[in-house]
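First the structure, in the form of structure tokens, and then the observations on it.
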Amino acid sequence: MELAQRLANARPEPSEETRDAFAELKDRVHLAVISELGPQLYDADVNDADLHRLVLADIRRRLGQERNVAAADRDRLTKEIADDTLGHGPIEPLLADDTVSEIMVNGPHDVWIEREGRLHRTPVRFADEHHIRRIINKIVGQVGRRVDESSPMVDARLPDGSRVNAVLPPLSLSGPLLTIRKFSKQRLDLDDMLRLGTLTRESVDFFEAAVKAELNVLISGGTGSGKTTLLNAMSTAISDDERIVTIEDAAELRLNQRHVLRLESRPKNVEGQGEIPIRELVRNSLRMRPDRIIVGEVRGAEALDMLQAMNTGHDGSLSTIHANSPRDALGRVETMVLMAGLELPMRAVRQQLSSALDLIVHIERFGDGARRVTSITEVQRMESDMITLQDLFDYQLDQGRGESSGTLRPTGLRPTSPKFDRRAVKLPSWMSLPSLAGAPPGASNRSEPRRSAR
């Protein structure tokens, strides 16, 4: 049964008068509990089970003093106030549901979730906007952050790795907004992505060879397309004896190798001080003797430092970028390099790009929620003022079966990067052949293989 249906069955819609009375009572009891137990609620030395019992006992004692509350309502109020005090209020069941990947609170009575790539509206309700603010303050307070009218927007990470974004008026014209991208407990590898249909057997074999050959890879795609998940999966092909430095805005990567150093940027504090951007971390990582540098996502001037790292012996770097296509990804990196403030001619920027990047992998989320890698493109060289790209794999639709039922197929072209030979990494046997004759089934029905220039 769907979670939304369970919640609807468990929580019949009360009258407006009852809702107001419950909201007033919940606020009063909740504030009293916080006032009395406040220091203990955030004391790391207090056992969770003991704290839970302490809070429940205090709530029941206070509700027991309310003569006009029925026993059934008292049990319901006890749970809801405990969720507000110990957890995250009405969205606590959503946070506990492993099938939910994103939670979007647009208003007290407008809560949405993403499940399997699709959006669903839920019957979850907050009492009012004040209730949403209370939960937002609890969430950001857990990680030492603050959000109010003077600082009405915050990005934070929950202790379990989930990413939180909150926006308050006056920036939000529709009241407080809360978005939580849940941190997946399941770590997928390339074979998992093959089973899900995101990749094909041929592309998995190629990715394993590309990572072992230390190609520099940029993963492009839209929001929620699965870029970080794919980056995590590709990282499983990295040798266990390499020293890896990961750099992220909000730590999401989970690498199981023995020698992983994790760095996370730091935003400004409430006084506007103390910011440490990704760019500084990329620069610092070069002093840490990394074998590989993994930047969770490039968003700004750090793109220049990343390219320079790739061009100075730090091969095998991986990163992601928001873009609609491989060509668009190149254009976005060019723009980000110019954001560094150096007046570099465009030809010099593109020269850096063509010599630093080896592969651009593009992933998309389709209308039915399926996520598919739709192209694997080699960055080859400069020709005049243009960067030449070569498609090694592209996505071909299976006619009449829906957009996500296509197949990622080899184009029949083999990569030109010398890194495979330099590091004695063998390409898959079918890719080593010079023509389409050796490509796997399905590749031979293509017309002339495609090259493109930027």
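Ligands are numbered from 1 in the order shown, chains are lettered A, B, ... in the order of the structure tokens, and residues start at 1 in each chain.
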Would you please extract all strand (DSSP E) residues from range 147-349 of chain A, as assigned by DSSP on the backbone, and give them as a tab-separated table (two decimals) with C-alpha atoms, in the first residue's frame?
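Output (part.tsv):
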```
chain	number	residue	atom	x	y	z
A	153	MET	CA	18.17	30.98	3.00
A	154	VAL	CA	20.27	28.04	4.14
A	155	ASP	CA	21.89	24.92	2.69
A	156	ALA	CA	22.79	22.26	5.21
A	157	ARG	CA	23.53	18.57	5.55
A	163	ARG	CA	20.90	17.63	1.90
A	164	VAL	CA	18.55	20.35	3.16
A	165	ASN	CA	17.57	23.63	1.56
A	166	ALA	CA	15.28	26.08	3.36
A	167	VAL	CA	14.00	29.46	2.15
A	177	LEU	CA	9.88	26.34	1.85
A	178	LEU	CA	11.80	23.17	2.71
A	179	THR	CA	13.48	20.68	0.36
A	180	ILE	CA	15.30	17.58	1.57
A	181	ARG	CA	17.25	15.34	-0.79
A	217	VAL	CA	35.87	12.08	-16.70
A	218	LEU	CA	33.16	14.74	-16.46
A	219	ILE	CA	29.60	13.52	-15.83
A	220	SER	CA	26.91	15.89	-17.10
A	221	GLY	CA	23.15	15.90	-16.62
A	244	ILE	CA	41.89	9.67	-3.27
A	245	VAL	CA	40.79	13.17	-2.23
A	246	THR	CA	37.06	13.94	-2.54
A	247	ILE	CA	35.86	17.56	-2.51
A	248	GLU	CA	32.17	18.39	-2.17
A	260	VAL	CA	40.14	8.24	0.99
A	261	LEU	CA	40.37	11.81	2.30
A	262	ARG	CA	37.04	13.67	2.38
A	263	LEU	CA	36.88	17.47	2.20
A	264	GLU	CA	33.72	19.56	2.41
A	292	ARG	CA	43.04	11.11	-7.83
A	293	ILE	CA	40.92	14.17	-7.14
A	294	ILE	CA	37.14	13.76	-7.18
A	295	VAL	CA	35.11	16.99	-7.17
A	318	LEU	CA	36.18	12.60	-11.78
A	319	SER	CA	33.56	15.33	-11.45
A	320	THR	CA	29.97	16.26	-12.32
A	321	ILE	CA	28.32	19.32	-13.85
A	322	HIS	CA	24.78	20.49	-14.56
```
| Those in range 85-281 of chain A with helix (DSSP H, G or I) from DSSP, as a ChimeraX atom specification | /A:85-86,89-96,129-142,190-196,201-212,227-235,278-281
| request: Find the residues around range 90-105 of chain A up to 7 Å (only C-alpha atoms counted), leave out those fewer than 3 positions away in its own chain, and share them as a list of chain:residue names. | output: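 In the requested form, the answer reads A:Asp83, A:Gly87, A:Asp110, A:Val111, A:Trp112, A:Ile113, A:Glu114, A:Arg115, A:Val124, A:Arg125, A:Phe126, A:Leu177, A:Leu178, A:Thr179, A:Ile180, A:Arg181, A:Lys182.
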Could you dump the residues just selected with N, CA and C atoms as a CSV table (one decimal), in the first residue's frame?
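Done, and the output landed in again_9.csv:
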```csv
chain,number,residue,atom,x,y,z
A,83,ASP,N,7.3,13.5,17.7
A,83,ASP,CA,8.0,13.7,16.4
A,83,ASP,C,8.6,15.1,16.2
A,87,GLY,N,12.1,14.4,16.4
A,87,GLY,CA,12.3,14.1,15.0
A,87,GLY,C,12.0,15.4,14.2
A,110,ASP,N,0.8,21.4,1.5
A,110,ASP,CA,1.3,21.1,0.2
A,110,ASP,C,2.7,20.4,0.3
A,111,VAL,N,2.7,19.1,0.5
A,111,VAL,CA,3.9,18.4,0.7
A,111,VAL,C,4.0,17.3,-0.4
A,112,TRP,N,5.1,17.3,-1.1
A,112,TRP,CA,5.4,16.4,-2.2
A,112,TRP,C,6.6,15.6,-1.9
A,113,ILE,N,6.6,14.4,-2.6
A,113,ILE,CA,7.8,13.5,-2.5
A,113,ILE,C,8.2,13.1,-3.9
A,114,GLU,N,9.4,12.7,-4.0
A,114,GLU,CA,9.9,12.0,-5.3
A,114,GLU,C,10.1,10.5,-4.9
A,115,ARG,N,9.5,9.6,-5.7
A,115,ARG,CA,9.7,8.2,-5.5
A,115,ARG,C,9.9,7.6,-6.9
A,124,VAL,N,0.3,14.6,3.8
A,124,VAL,CA,1.0,15.1,5.0
A,124,VAL,C,0.6,16.6,5.2
A,125,ARG,N,0.4,16.9,6.5
A,125,ARG,CA,0.0,18.3,6.8
A,125,ARG,C,0.8,18.9,7.9
A,126,PHE,N,1.1,20.1,7.8
A,126,PHE,CA,1.6,20.9,8.9
A,126,PHE,C,0.5,21.7,9.5
A,177,LEU,N,9.7,27.5,2.8
A,177,LEU,CA,9.9,26.3,1.8
A,177,LEU,C,11.0,25.4,2.3
A,178,LEU,N,10.8,24.1,2.2
A,178,LEU,CA,11.8,23.2,2.7
A,178,LEU,C,11.9,22.1,1.7
A,179,THR,N,13.2,21.8,1.3
A,179,THR,CA,13.5,20.7,0.4
A,179,THR,C,14.6,19.8,1.0
A,180,ILE,N,14.3,18.5,1.0
A,180,ILE,CA,15.3,17.6,1.6
A,180,ILE,C,15.6,16.5,0.5
A,181,ARG,N,16.8,16.4,0.1
A,181,ARG,CA,17.3,15.3,-0.8
A,181,ARG,C,17.9,14.3,0.1
A,182,LYS,N,17.2,13.2,0.2
A,182,LYS,CA,17.6,12.1,1.2
A,182,LYS,C,18.9,11.4,0.7
```
| message | Which residues are close to range 273-283 of chain A, i.e. within 10 Å by only C-alpha atoms, leaving aside same-chain residues fewer than 3 positions away? Reply as a PyMOL selection string. | response | chain A and resi 245-249+263-270+286-288+293-306+308-309+340
Could you name the residues that touch Leu56 in chain A at 9 Å or less, counting only C-alpha atoms, but leaving out those on the same chain fewer than 2 positions away, as a short mmCIF file (atom, residue, chain, number, x, y, z; two decimals) with C-alpha atoms, in the first residue's frame?
```cif
data_model
loop_
_atom_site.label_atom_id
_atom_site.label_comp_id
_atom_site.auth_asym_id
_atom_site.auth_seq_id
_atom_site.Cartn_x
_atom_site.Cartn_y
_atom_site.Cartn_z
CA LEU A 51 15.87 10.53 25.83
CA HIS A 52 12.89 9.09 23.94
CA ARG A 53 11.39 7.69 27.15
CA LEU A 54 12.02 10.98 28.98
CA ASP A 58 6.89 14.47 29.93
CA ILE A 59 4.43 14.81 27.02
CA ARG A 60 2.03 12.25 28.52
CA ARG A 61 2.18 13.96 31.90
CA THR A 78 1.73 12.36 22.01
CA LYS A 79 3.22 10.88 18.84
CA ILE A 81 4.58 16.23 19.64
CA ALA A 82 7.30 13.60 20.13
#
```
| request: Could you check which of A:Leu353, A:Ala70, A:Ala251, A:Met310 is closest to Gly331 in chain A, using only C-alpha atoms? | output: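 Answer, going by the shortest atom-to-atom distance: A:Leu353.
Among A:Arg243, A:His30, A:His88, A:Lys227, the residue with the shortest atom-to-atom distance to Arg371 in chain A, counting only C-alpha atoms, is A:Lys227.
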| task | Considering only C-alpha atoms, return as a PyMOL selection string whatever protein or nucleic-acid residues lie within 8 Å of Asp358 in chain A, sequence-local ones (same chain, fewer than 5 positions apart) excluded. | result | chain A and resi 215-217+378-380+417
Residues just named, written with C-alpha atoms as a PDB file, in the first residue's frame:
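What follows is the written file out-v1.pdb:
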```pdb
ATOM      1  CA  LEU A 215      40.991   9.056 -17.921  1.00  0.00           C
ATOM      2  CA  ASN A 216      39.648  12.374 -16.639  1.00  0.00           C
ATOM      3  CA  VAL A 217      35.869  12.076 -16.696  1.00  0.00           C
ATOM      4  CA  GLU A 378      35.525  11.476 -26.067  1.00  0.00           C
ATOM      5  CA  VAL A 379      37.144  14.918 -25.938  1.00  0.00           C
ATOM      6  CA  GLN A 380      39.830  14.668 -28.614  1.00  0.00           C
ATOM      7  CA  SER A 417      43.476   8.544 -25.871  1.00  0.00           C
TER       8      SER A 417
END
```
| message | Under the rule that only C-alpha atoms are counted, which of A:Thr388, A:Thr377, A:Ser151, A:Gln65 is the nearest residue to Pro169 in chain A? | response | A:Ser151
| query | Using only C-alpha atoms, which of the listed residues (A:Gly313, A:Gly161, A:Gly369, A:Gly406) sits closest to Glu116 in chain A? | reply |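 Among the listed residues, the smallest separation from Glu116 in chain A belongs to A:Gly369.
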